[in-house]
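Visitor: I am attaching a structure below and will ask some questions about it afterwards.
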Number of protein chains: 4
Amino acid sequence: MLSFDEAYTAAIATFKFLVLCSYEKKRLPVAVMDGQGFRTISLVGLRQPCIHVEFFAVPNALVLAHRPGSVLVELISVLTGKRSQVSEREGSKSSQQPAWFNYTDSHEFMERVRVGMPPLIICVACNGGIQGKEASEVIPETADEIAESVHAAYEAGAVMVHIHARDPKNLTLGARETATWREVLRKVRQHCPEIIINATTGASPAMSMEERSSSLAAGPELASLNLAPDMSKFRLKERRPPLLFPRPPLEIDECTPYTYGQIHQFAAEMKQRGIKPELEVYHPGCAWVIDYLIENHLLEKPYWIQTVMGYQTGSFPTVDNILQLLKEFPDQTLWLCSAIGAFQLPLTTFATLMGGHVRVGLEDNVYFSRGRKAVSNAELVQRTVRIAHELNRPVATPAQAREMLGVRSEPSQY
Amino acid sequence: MLSFDEAYTAAIATFKFLVLCSYEKKRLPVAVMDGQGFRTISLVGLRQPCIHVEFFAVPNALVLAHRPGSVLVELISVLTGKRSQVSEREGSKSSQQPAWFNYTDSHEFMERVRVGMPPLIICVACNGGIQGKEASEVIPETADEIAESVHAAYEAGAVMVHIHARDPKNLTLGARETATWREVLRKVRQHCPEIIINATTGASPAMSMEERSSSLAAGPELASLNLAPDMSKFRLKERRPPLLFPRPPLEIDECTPYTYGQIHQFAAEMKQRGIKPELEVYHPGCAWVIDYLIENHLLEKPYWIQTVMGYQTGSFPTVDNILQLLKEFPDQTLWLCSAIGAFQLPLTTFATLMGGHVRVGLEDNVYFSRGRKAVSNAELVQRTVRIAHELNRPVATPAQAREMLGVRSEPSQY
Amino acid sequence: MLSFDEAYTAAIATFKFLVLCSYEKKRLPVAVMDGQGFRTISLVGLRQPCIHVEFFAVPNALVLAHRPGSVLVELISVLTGKRSQVSEREGSKSSQQPAWFNYTDSHEFMERVRVGMPPLIICVACNGGIQGKEASEVIPETADEIAESVHAAYEAGAVMVHIHARDPKNLTLGARETATWREVLRKVRQHCPEIIINATTGASPAMSMEERSSSLAAGPELASLNLAPDMSKFRLKERRPPLLFPRPPLEIDECTPYTYGQIHQFAAEMKQRGIKPELEVYHPGCAWVIDYLIENHLLEKPYWIQTVMGYQTGSFPTVDNILQLLKEFPDQTLWLCSAIGAFQLPLTTFATLMGGHVRVGLEDNVYFSRGRKAVSNAELVQRTVRIAHELNRPVATPAQAREMLGVRSEPSQY
Amino acid sequence: MLSFDEAYTAAIATFKFLVLCSYEKKRLPVAVMDGQGFRTISLVGLRQPCIHVEFFAVPNALVLAHRPGSVLVELISVLTGKRSQVSEREGSKSSQQPAWFNYTDSHEFMERVRVGMPPLIICVACNGGIQGKEASEVIPETADEIAESVHAAYEAGAVMVHIHARDPKNLTLGARETATWREVLRKVRQHCPEIIINATTGASPAMSMEERSSSLAAGPELASLNLAPDMSKFRLKERRPPLLFPRPPLEIDECTPYTYGQIHQFAAEMKQRGIKPELEVYHPGCAWVIDYLIENHLLEKPYWIQTVMGYQTGSFPTVDNILQLLKEFPDQTLWLCSAIGAFQLPLTTFATLMGGHVRVGLEDNVYFSRGRKAVSNAELVQRTVRIAHELNRPVATPAQAREMLGVRSEPSQY
């Protein structure tokens with residue numbers, strides 16, 4: 001093993017490029033330094049070559065895999081330092097700007113394209129509360145499965161996780177007790193020391209408002225807050241043995257009947273517990289409720305608002321409809337975009353190029369491409385990271401995301 | 001009384017203008033014929049002068065009030081005939097085109113501006129089911145009041161009425177029995193021989209789905225069909241004596257929890273009874289339900305879709321949001337626009353200039369201008385007619401409206 | 001003749017309504033006073049016209065025609081005084097707000113609808129530089145004709161005039177000399193003591209940049225400033241005797257080739273002379289030039305920007321395209337809307353309901369309705385005023401318009 | 001070297017994945033085949049490992065680099081065949097649909113997302129006519145440089161090239177003679193047997209209309225057709241020795257004054273020569289000219305329209321403005337998107353996810369990321385290909401692009 005100085009001097013002297021890889025299983029190359037500066041990149045194919053070596057030399061390049069505690073970590077930090085200096089020169093405007101901006105203002109968009117978009121917050125929606133292994137065997141259901149699946153996604157670049165805990169007595173149902181929630185959150189935290197934990201209060205249609213709020217007492221850092229009654233009709237696949245808790249196919253035709261009073265109560269409990277609400281926007285009418293919550297002092301800036309695209313009965317999942325939703329956002333909003341099924345990929349890419357943030361994962365979409373299921377939450381996150389790198393958009397670290405969101409820098413403990 | 005020939009010859013020979021007034025109480029001047037052709041106009045003040053005379057001469061003008069059965073009716077029909085000839089020359093494209101068009105297509109809009117918009121269908125929403133005389137003493141509640149108020153609006157130019165029947169045992173509540181509905185519809189028909197009768201199924205939040213459908217068995221020609229669950233929070237004024245059925249002020253915080261199944265059932269019953277549904281669109285997400293209804297063969301063309309602007313939790317009442325709703329409409333749709341409170345006036349005017357159709361009336365708005373309540377449904381309809389005339393938009397007759405909508409030409413009987 | 005007190009007391013005591021009519025042939029009613037207050041209705045022309053009849057009684061109403069110097073003028077002023085008091089009570093929020101707002105922001109639009117739109121500035125584009133009496137015999141060409149036509153429009157409610165002076169040696173050509181311009185402006189001022197005078201620099205395609213700026217030295221209060229090169233192809237009708245300066249029909253296929261440098265020069269001369277530029281926007285690309293002018297300190301707030309709809313090669317004349325133009329406007333802009341031909345009526349009505357300002361007149365449109373030519377600039381202005389009144393939008397006085405625009409309160413003198 | 005059968009059998013038997021790389025210098029991995037089917041991918045990092053080997057084995061994968069004429073080409077074609085079969089099963093709807101669709105129709109967009117977007121046509125704008133090596137030394141100027149640079153971009157995935165030939169006597173000026181143009185086109189064809197050749201008629205502001213059309217006589221397959229006069233102001237860098245034809249920095253303040261007549265003439269010449277026009281749209285006003293050309297029978301379907309974003313004086317380079325341009329497109333249009341500078345990356349990515357087509361290259365943008373210049377046209381094309389692959393969008397082959405565009409399948413010869 002080379003010392004830091006030796007490594008760095010040798011690298012600079014010998015190679016035209018330094019390629020930084022993450023150390024974890026996937027060993028994604030994440031950055032390149034060359035004569036023209038430091039930049040994040042999208043190089044996925046180098047994974048395998050880096051499995052057994054710390055350094056992997058190819059003509060004109062030095063490929064480095066970092067491991068916590070090794071000198072390579074320091075090398076990265078030095079390079080990161082250089083990166084900051086570069087930023088000061090080139091991107092000074094960007095670093096002085098807040099993460100939020102008016103996404104539909106032409107001048108603000110143009111300015112951000114020129115100086116650089118803020119780091120991308122990637123949220124993994126790991127499992128959802130409606131469908132489970134009958135839809136895709138890799139959807140995590142138990143606390144252990146969730147923790148493991150989220151860990152891989154975290155390694156891949158997710159800095160936030162949106163969780164639906166399940167009832168251990170029947171994994172096809174949502175958790176209704178705080179103890180169940182706490183067990184899931186504890187295990188996730190154990191595997192992902194810095195991830196931002198975001199719990200659902202949406203749960204499933206059949207649940208009471210009290211049962212929905214069982215997640216809040218478990219102490220997540222964020223929680224989803226639905227802003228409108230929801231009506232939908234769909235079919236759930238049969239769940240067959242050997243899956244646990246088999247059941248026949250189900251035809252669902254439901255309405256979740258929210259009122260202003262109930263939404264108020266959820267928001268008030270979140271405020272009292274120090275949990276940041278993630279506001280779920282399905283159609284432009286939800287803007288009335290955002291106004292209501294602001295007028296009632298139930299929200300803190302910056303607002304964190306998700307455009308949830310593709311659900312019945314929200315706006316159709318198109319770019320124009322998203323712009324229309326953004327237009328109604330209050331000032332100082334960070335926008336998170338999710339979309340179901342085949343719309344996840346194009347619309348989260350759209351959010352990435354627009355300066356918004358993205359949610360991907362198996363809750364919303366079990367396919368990687370037409371006819372080919374995703375093998376893990378991590379696989380969907382990896383693609384998001386690659387696309388961000390192609391678009392020269394930095395991916396937020398947990399610390400950056402916490403600062404951008406105004407969430408405590410100390411991760412929650414359970 | 002002059003014969004037709006005498007009247008017409010004298011008119012042409014003597015006067016520079018012929019001004020046609022409607023004969024009914026309001027005696028609105030509705031058209032002018034002069035050397036430059038026939039055109040509809042907006043002159044309100046001339047009403048009273050025409051009460052006692054058939055001809056009223058002012059310098060250089062002949063003002064005619066028509067009365068069914070008199071020669072003046074024939075004079076009008078002759079003038080109307082001239083108007084048709086003018087239309088054939090100038091507006092032949094217009095007369096060959098269907099009433100519906102793609103409202104957000106630039107070329108179609110430009111073409112319609114050039115050749116003339118289709119006749120404007122004016123629907124009067126006479127009372128609504130939420131507030132009554134405590135909000136404005138001119139809101140009609142009983143069957144007789146409704147019939148009288150609608151009659152005046154019909155005389156003023158409304159060709160469709162949207163009705164909420166009330167429970168005679170408690171006029172602050174919606175009717176839950178078909179007999180009650182039939183009584184209201186019968187009286188309206190008695191006063192307004194050709195008006196198109198449109199009954200609510202929206203009723204009030206506290207009502208069951210069965211109670212809501214009590215209107216359908218009474219046999220309206222159209223009925224409203226809500227396309228989404230609705231959530232709202234508002235205050236109802238105290239209803240004080242001497243008003244009947246007094247009650248304290250009410251704080252309402254409600255959700256009407258529709259499902260696809262329930263909407264399907266309403267639409268199926270309407271189809272079976274030959275009632276045309278008026279599709280109530282609050283936000284772009286309602287387009288999912290329109291697709292659903294079309295796929296399930298529950299609708300007939302042309303569709304009749306209302307953009308309902310200003311309700312919680314619909315899109316904010318702005319022009320841009322209406323355009324966004326229109327964009328999702330299916331082909332062959334006639335668009336009706338309503339908006340509550342202060343938005344009724346600008347947004348129905350917008351619909352008028354765009355080629356859509358409008359709903360005005362006390363259900364949606366009890367004010368004529370800031371600080372000045374409307375004195376009747378008719379007053380709001382009269383303003384709509386004046387604006388249409390200013391915009392050179394003809395106002396549809398009942399027969400025209402029935403043909404445009406595909407509703408039976410024979411008015412319903414009770 | 002009754003005295004004022006007698007007239008007023010008699011009116012209040014006897015009649016349910018007071019209806020004010022203009023005196024001219026048409027005797028258009030312009031205002032009503034009843035138990036619920038004073039409000040203007042459709043027609044304003046009351047200024048000069050009301051010459052021979054004083055009272056015109058009909059059952060339940062007193063119809064008044066006013067004549068300058070008579071007691072009826074005072075009656076009007078009393079009624080107007082009542083109106084002001086009403087305004088002070090109801091419209092307090094409105095009066096504290098600036099005239100400009102962000103037209104495409106939902107919350108700002110909704111607020112303005114609720115509290116009342118700012119007074120409407122009506123600009124009359126009296127003649128234009130392209131077509132003359134061969135297109136409509138009422139287009140004014142000579143200085144005297146212009147002054148007379150503008151005077152009638154001013155009486156009808158126009159507070160600004162946009163003028164194209166003509167070369168007296170050939171009235172089919174634009175004026176190229178400052179003396180010619182000054183003569184026109186002088187006569188207009190003579191007839192219209194307070195009107196805001198706005199001169200073109202657009203002139204006609206064949207003119208040099210120097211010739212275009214001949215209007216500036218004559219000292220208008222505003223001047224148009226084109227923001228983009230313009231390309232168009234059209235046919236000018238034959239100009240036949242007895243019209244002066246006859247010529248054959250002309251096929252025009254032209255491009256007016258502006259550069260940033262030339263636009264800079266026009267703006268700099270206007271700034272130096274204290275002339276406020278009216279920025280002519282044809283398509284969204286003109287926003288680059290507005291940015292340029294602001295960055296070069298050539299503009300003062302509030303900006304006065306005209307969306308010019310319907311010209312080749314601007315955005316198609318649709319509502320959606322106007323919204324798109326407005327979206328790019330800088331803060332603190334007053335929006336003026338014009339549109340050619342059949343689009344003048346619907347699109348200026350749209351601007352009226354949106355809180356923008358309007359330009360009407362024979363330059364842009366010689367028709368009143370399909371097949372019927374406008375008889376004067378005043379007729380088009382009168383309709384605009386009627387529509388504003390129907391929409392409860394006050395019409396700006398010259399003093400109000402000068403304050404809103406930041407133009408000197410002392411009218412220019414020549 | 002293995003035979004095809006040996007290679008394929010060995011691959012299938014031994015490895016979990018087959019990774020296909022392109023053979024050329026860059027050796028981009030372009031596809032993976034595994035148990036779940038064939039899909040295109042974005043793996044760039046494997047380049048170097050594949051330089052010297054035909055096969056490069058890593059655990060569980062077989063990495064193949066193909067070389068024209070080797071068995072690996074056949075292996076690829078076999079795999080491509082499998083891909084087609086997959087497509088027939090999964091994407092049958094997609095293959096039955098035309099390449100064009102209504103990009104702003106929600107239902108059409110949603111349908112295309114579900115069934116798969118048409119293949120992506122990548123056009124490389126290799127050099128432009130305004131700036132040269134003084135801006136980036138890798139901008140090709142001579143015929144040989146152009147041919148070489150385009151060849152690399154073609155290998156990377158570009159199927160169309162947009163070319164500005166230069167005057168060999170002064171490479172800072174555009175070519176004005178057909179012979180010069182033909183020399184460039186001949187060399188490009190020599191290096192890129194199937195590429196679609198698209199020549200400018202835009203040239204540079206100082207050029208006459210006749211000089212601009214010198215490219216047409218050289219026989220390109222497409223040619224650009226500007227649809228509006230253009231005004232811009234910018235600075236060209238100094239061109240210093242050792243660059244040929246040095247010149248001082250230049251301040252440009254220009255207007256290119258097109259007329260309808262000139263555009264008509266260009267279009268007519270293209271039609272006569274069988275050259276498909278690429279319609280250059282800068283702002284929505286250009287839609288007038290498209291209407292004009294269609295009415296004058298100068299265009300053939302499908303139309304090929306480019307939204308040119310970021311130029312003065314076009315619409316600001318935002319997503320919303322692009323949607324507004326698309327809204328005005330005629331039916332049966334294929335949309336190509338270009339954008340200058342920092343906007344090239346986000347806006348061409350936007351077009352990729354929307355189902356449009358993209359133009360990238362050094363004409364519009366000399367940077368790869370902030371502060372780091374692109375090393376070649378090919379590098380920009382490679383990124384576009386990687387992004388398309390991430391978005392599961394197939395990249396069009398020359399044959400596919402020719403069919404989609406309605407361009408002769410036989411490449412032009414010189």
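Letters A, B, ... mark the chains of the structure tokens in the order given; residue numbers begin at 1 per chain; ligand numbers begin at 1, in order shown.
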Determine which residues of chain A sit within 6 Å of chain B, taking into account only C-alpha atoms, and present them as a ChimeraX atom specification.
Guide: /A:231,254-255,257,259,284-285,313-315
Visitor: Which of these, A:Val395, A:Leu250, A:Ile290, A:Ser412, has the shortest distance to Ile275 in chain A once you count only C-alpha atoms?
Guide: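 Once distances to Ile275 in chain A are computed over only C-alpha atoms, the minimum belongs to A:Ser412.
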Visitor: When DSSP works through the backbone of this structure, what residues of range 101-245 of chain B end up as alpha helix (DSSP H), shown as an NGL selection string?
Guide: :B and (106-115 or 143-156 or 178-191 or 209-212 or 214-217)
Visitor: For Arg176 in chain A, work out the shell of residues within 8 Å, counting only C-alpha atoms and skipping chain neighbours fewer than 6 positions away, then give it as an MDAnalysis selection string.
Guide: chainID A and resid 167 211:212 214:215
Visitor: In Å, rounded to a single decimal, give me how far CA of Glu155 in chain C is from CA of His191 in chain C.
Guide: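 It comes out at 10.0 Å.
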Visitor: Which value, in Å to one decimal, gives the distance between CA of Ser136 in chain D and CA of Ser338 in chain D?
Guide: 19.1 Å
Visitor: Write out as a PDB file with all heavy atoms, in the first residue's frame each polymer residue whose atoms come within 9 Å of Glu183 in chain B, counting only C-alpha atoms; drop sequence neighbours fewer than 6 positions from it.
Guide:
```pdb
ATOM      1  N   ALA B 143     -90.017  24.951  -4.815  1.00  0.00           N
ATOM      2  CA  ALA B 143     -90.281  24.657  -6.227  1.00  0.00           C
ATOM      3  C   ALA B 143     -90.801  25.899  -6.947  1.00  0.00           C
ATOM      4  O   ALA B 143     -90.384  26.204  -8.069  1.00  0.00           O
ATOM      5  CB  ALA B 143     -91.292  23.511  -6.338  1.00  0.00           C
ATOM      6  N   ALA B 218     -86.421  11.275 -11.681  1.00  0.00           N
ATOM      7  CA  ALA B 218     -87.390  12.313 -12.028  1.00  0.00           C
ATOM      8  C   ALA B 218     -87.325  12.708 -13.501  1.00  0.00           C
ATOM      9  O   ALA B 218     -88.180  13.434 -13.995  1.00  0.00           O
ATOM     10  CB  ALA B 218     -87.169  13.554 -11.154  1.00  0.00           C
ATOM     11  N   TYR B 414     -93.308  16.467 -17.574  1.00  0.00           N
ATOM     12  CA  TYR B 414     -93.440  15.887 -16.223  1.00  0.00           C
ATOM     13  C   TYR B 414     -94.906  15.877 -15.790  1.00  0.00           C
ATOM     14  O   TYR B 414     -95.671  16.726 -16.246  1.00  0.00           O
ATOM     15  CB  TYR B 414     -92.597  16.694 -15.231  1.00  0.00           C
ATOM     16  CG  TYR B 414     -91.166  16.807 -15.680  1.00  0.00           C
ATOM     17  CD1 TYR B 414     -90.737  17.884 -16.443  1.00  0.00           C
ATOM     18  CD2 TYR B 414     -90.264  15.764 -15.417  1.00  0.00           C
ATOM     19  CE1 TYR B 414     -89.447  17.954 -16.906  1.00  0.00           C
ATOM     20  CE2 TYR B 414     -88.963  15.829 -15.886  1.00  0.00           C
ATOM     21  CZ  TYR B 414     -88.558  16.928 -16.630  1.00  0.00           C
ATOM     22  OH  TYR B 414     -87.271  16.988 -17.083  1.00  0.00           O
TER      23      TYR B 414
END
```
Visitor: Rounded to one decimal, what separation in Å do you get between CA of Glu363 in chain A and CA of Asp291 in chain A?
Guide: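 According to the coordinates, CA of Glu363 in chain A and CA of Asp291 in chain A are separated by 28.5 Å.
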Visitor: Which residues are near Arg114 in chain A? Cut-off 9 Å, only C-alpha atoms, ignore same chain within fewer than 4 positions. Put them as a list in words.
Guide: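 Close residues of Arg114 in chain A: Ser94, Phe109 and Met110 of chain A; Gly341, Ala342, Phe343 and Arg370 of chain D.
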Visitor: As an NGL selection string, please: all residues of range 53-300 of chain D that backbone DSSP puts in strand (DSSP E or B).
Guide: :D and (55-58 or 61-65 or 120 or 122-125 or 160-163 or 166-167 or 170-174 or 196-199 or 222-226 or 230-236 or 239 or 247 or 250-256 or 276-281)
Visitor: Could you dump the residues just selected with C-alpha atoms as a PDB file, in the first residue's frame?
Guide:
```pdb
ATOM      1  CA  PHE D  55     -12.502 -11.010 -25.893  1.00  0.00           C
ATOM      2  CA  PHE D  56     -12.083  -9.744 -22.416  1.00  0.00           C
ATOM      3  CA  ALA D  57     -13.368 -12.002 -19.743  1.00  0.00           C
ATOM      4  CA  VAL D  58     -14.351 -10.812 -16.359  1.00  0.00           C
ATOM      5  CA  ALA D  61     -19.275 -11.813 -18.223  1.00  0.00           C
ATOM      6  CA  LEU D  62     -17.895 -12.024 -21.705  1.00  0.00           C
ATOM      7  CA  VAL D  63     -16.928  -8.713 -23.157  1.00  0.00           C
ATOM      8  CA  LEU D  64     -16.780  -8.631 -26.912  1.00  0.00           C
ATOM      9  CA  ALA D  65     -15.339  -5.988 -29.118  1.00  0.00           C
ATOM     10  CA  LEU D 120     -33.375   8.409 -31.884  1.00  0.00           C
ATOM     11  CA  ILE D 122     -28.638  11.887 -33.843  1.00  0.00           C
ATOM     12  CA  CYS D 123     -27.401  14.717 -36.018  1.00  0.00           C
ATOM     13  CA  VAL D 124     -23.894  16.033 -35.494  1.00  0.00           C
ATOM     14  CA  ALA D 125     -23.474  19.739 -36.197  1.00  0.00           C
ATOM     15  CA  MET D 160     -26.831  12.717 -39.892  1.00  0.00           C
ATOM     16  CA  VAL D 161     -24.273  15.483 -40.251  1.00  0.00           C
ATOM     17  CA  HIS D 162     -24.992  19.188 -40.526  1.00  0.00           C
ATOM     18  CA  ILE D 163     -22.087  20.840 -42.335  1.00  0.00           C
ATOM     19  CA  ARG D 166     -15.431  26.799 -45.406  1.00  0.00           C
ATOM     20  CA  ASP D 167     -13.688  28.805 -48.048  1.00  0.00           C
ATOM     21  CA  ASN D 170      -9.927  31.863 -45.943  1.00  0.00           C
ATOM     22  CA  LEU D 171     -11.114  29.253 -43.499  1.00  0.00           C
ATOM     23  CA  THR D 172     -12.767  31.864 -41.326  1.00  0.00           C
ATOM     24  CA  LEU D 173     -15.359  32.426 -44.066  1.00  0.00           C
ATOM     25  CA  GLY D 174     -18.118  30.216 -45.364  1.00  0.00           C
ATOM     26  CA  ILE D 196     -27.322  11.504 -44.100  1.00  0.00           C
ATOM     27  CA  ILE D 197     -25.722  14.695 -45.376  1.00  0.00           C
ATOM     28  CA  ASN D 198     -27.337  17.947 -44.343  1.00  0.00           C
ATOM     29  CA  ALA D 199     -25.820  21.211 -45.605  1.00  0.00           C
ATOM     30  CA  LEU D 222     -31.083  17.694 -46.543  1.00  0.00           C
ATOM     31  CA  ALA D 223     -30.467  21.408 -46.161  1.00  0.00           C
ATOM     32  CA  SER D 224     -31.311  23.822 -43.417  1.00  0.00           C
ATOM     33  CA  LEU D 225     -33.967  26.445 -44.162  1.00  0.00           C
ATOM     34  CA  ASN D 226     -34.116  29.445 -41.840  1.00  0.00           C
ATOM     35  CA  ASP D 230     -32.305  36.806 -37.233  1.00  0.00           C
ATOM     36  CA  MET D 231     -30.732  39.515 -35.109  1.00  0.00           C
ATOM     37  CA  SER D 232     -27.773  38.943 -32.828  1.00  0.00           C
ATOM     38  CA  LYS D 233     -24.865  40.636 -31.180  1.00  0.00           C
ATOM     39  CA  PHE D 234     -21.797  38.781 -29.936  1.00  0.00           C
ATOM     40  CA  ARG D 235     -18.037  38.740 -29.795  1.00  0.00           C
ATOM     41  CA  LEU D 236     -15.760  36.451 -31.751  1.00  0.00           C
ATOM     42  CA  ARG D 239      -7.725  34.132 -34.017  1.00  0.00           C
ATOM     43  CA  ARG D 247      -7.709  37.994 -37.391  1.00  0.00           C
ATOM     44  CA  LEU D 250     -14.650  40.845 -33.839  1.00  0.00           C
ATOM     45  CA  GLU D 251     -17.755  42.490 -32.427  1.00  0.00           C
ATOM     46  CA  ILE D 252     -20.688  41.275 -34.474  1.00  0.00           C
ATOM     47  CA  ASP D 253     -24.010  43.144 -34.460  1.00  0.00           C
ATOM     48  CA  GLU D 254     -25.991  41.721 -37.299  1.00  0.00           C
ATOM     49  CA  CYS D 255     -29.349  41.084 -38.816  1.00  0.00           C
ATOM     50  CA  THR D 256     -29.955  38.499 -41.513  1.00  0.00           C
ATOM     51  CA  LYS D 276     -35.438  17.724 -47.898  1.00  0.00           C
ATOM     52  CA  PRO D 277     -35.565  21.006 -45.987  1.00  0.00           C
ATOM     53  CA  GLU D 278     -34.763  21.063 -42.294  1.00  0.00           C
ATOM     54  CA  LEU D 279     -36.996  23.859 -41.002  1.00  0.00           C
ATOM     55  CA  GLU D 280     -35.229  26.029 -38.429  1.00  0.00           C
ATOM     56  CA  VAL D 281     -37.637  27.343 -35.810  1.00  0.00           C
TER      57      VAL D 281
END
```
Visitor: Write out as a PyMOL selection string each polymer residue whose atoms come within 12 Å of Lys187 in chain C, counting only C-alpha atoms; drop sequence neighbours fewer than 5 positions from it.
Guide: chain C and resi 142-151+165+180-182+192-193+195+197+413-414
Visitor: With only C-alpha atoms as the counted atoms, please give the residues lying no more than 9 Å from Arg408 in chain D, apart from itself and same-chain residues fewer than 5 positions off, as a list in words.
Guide: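 After dropping sequence-adjacent residues, the list is Glu221, Arg402 and Glu403 of chain D.
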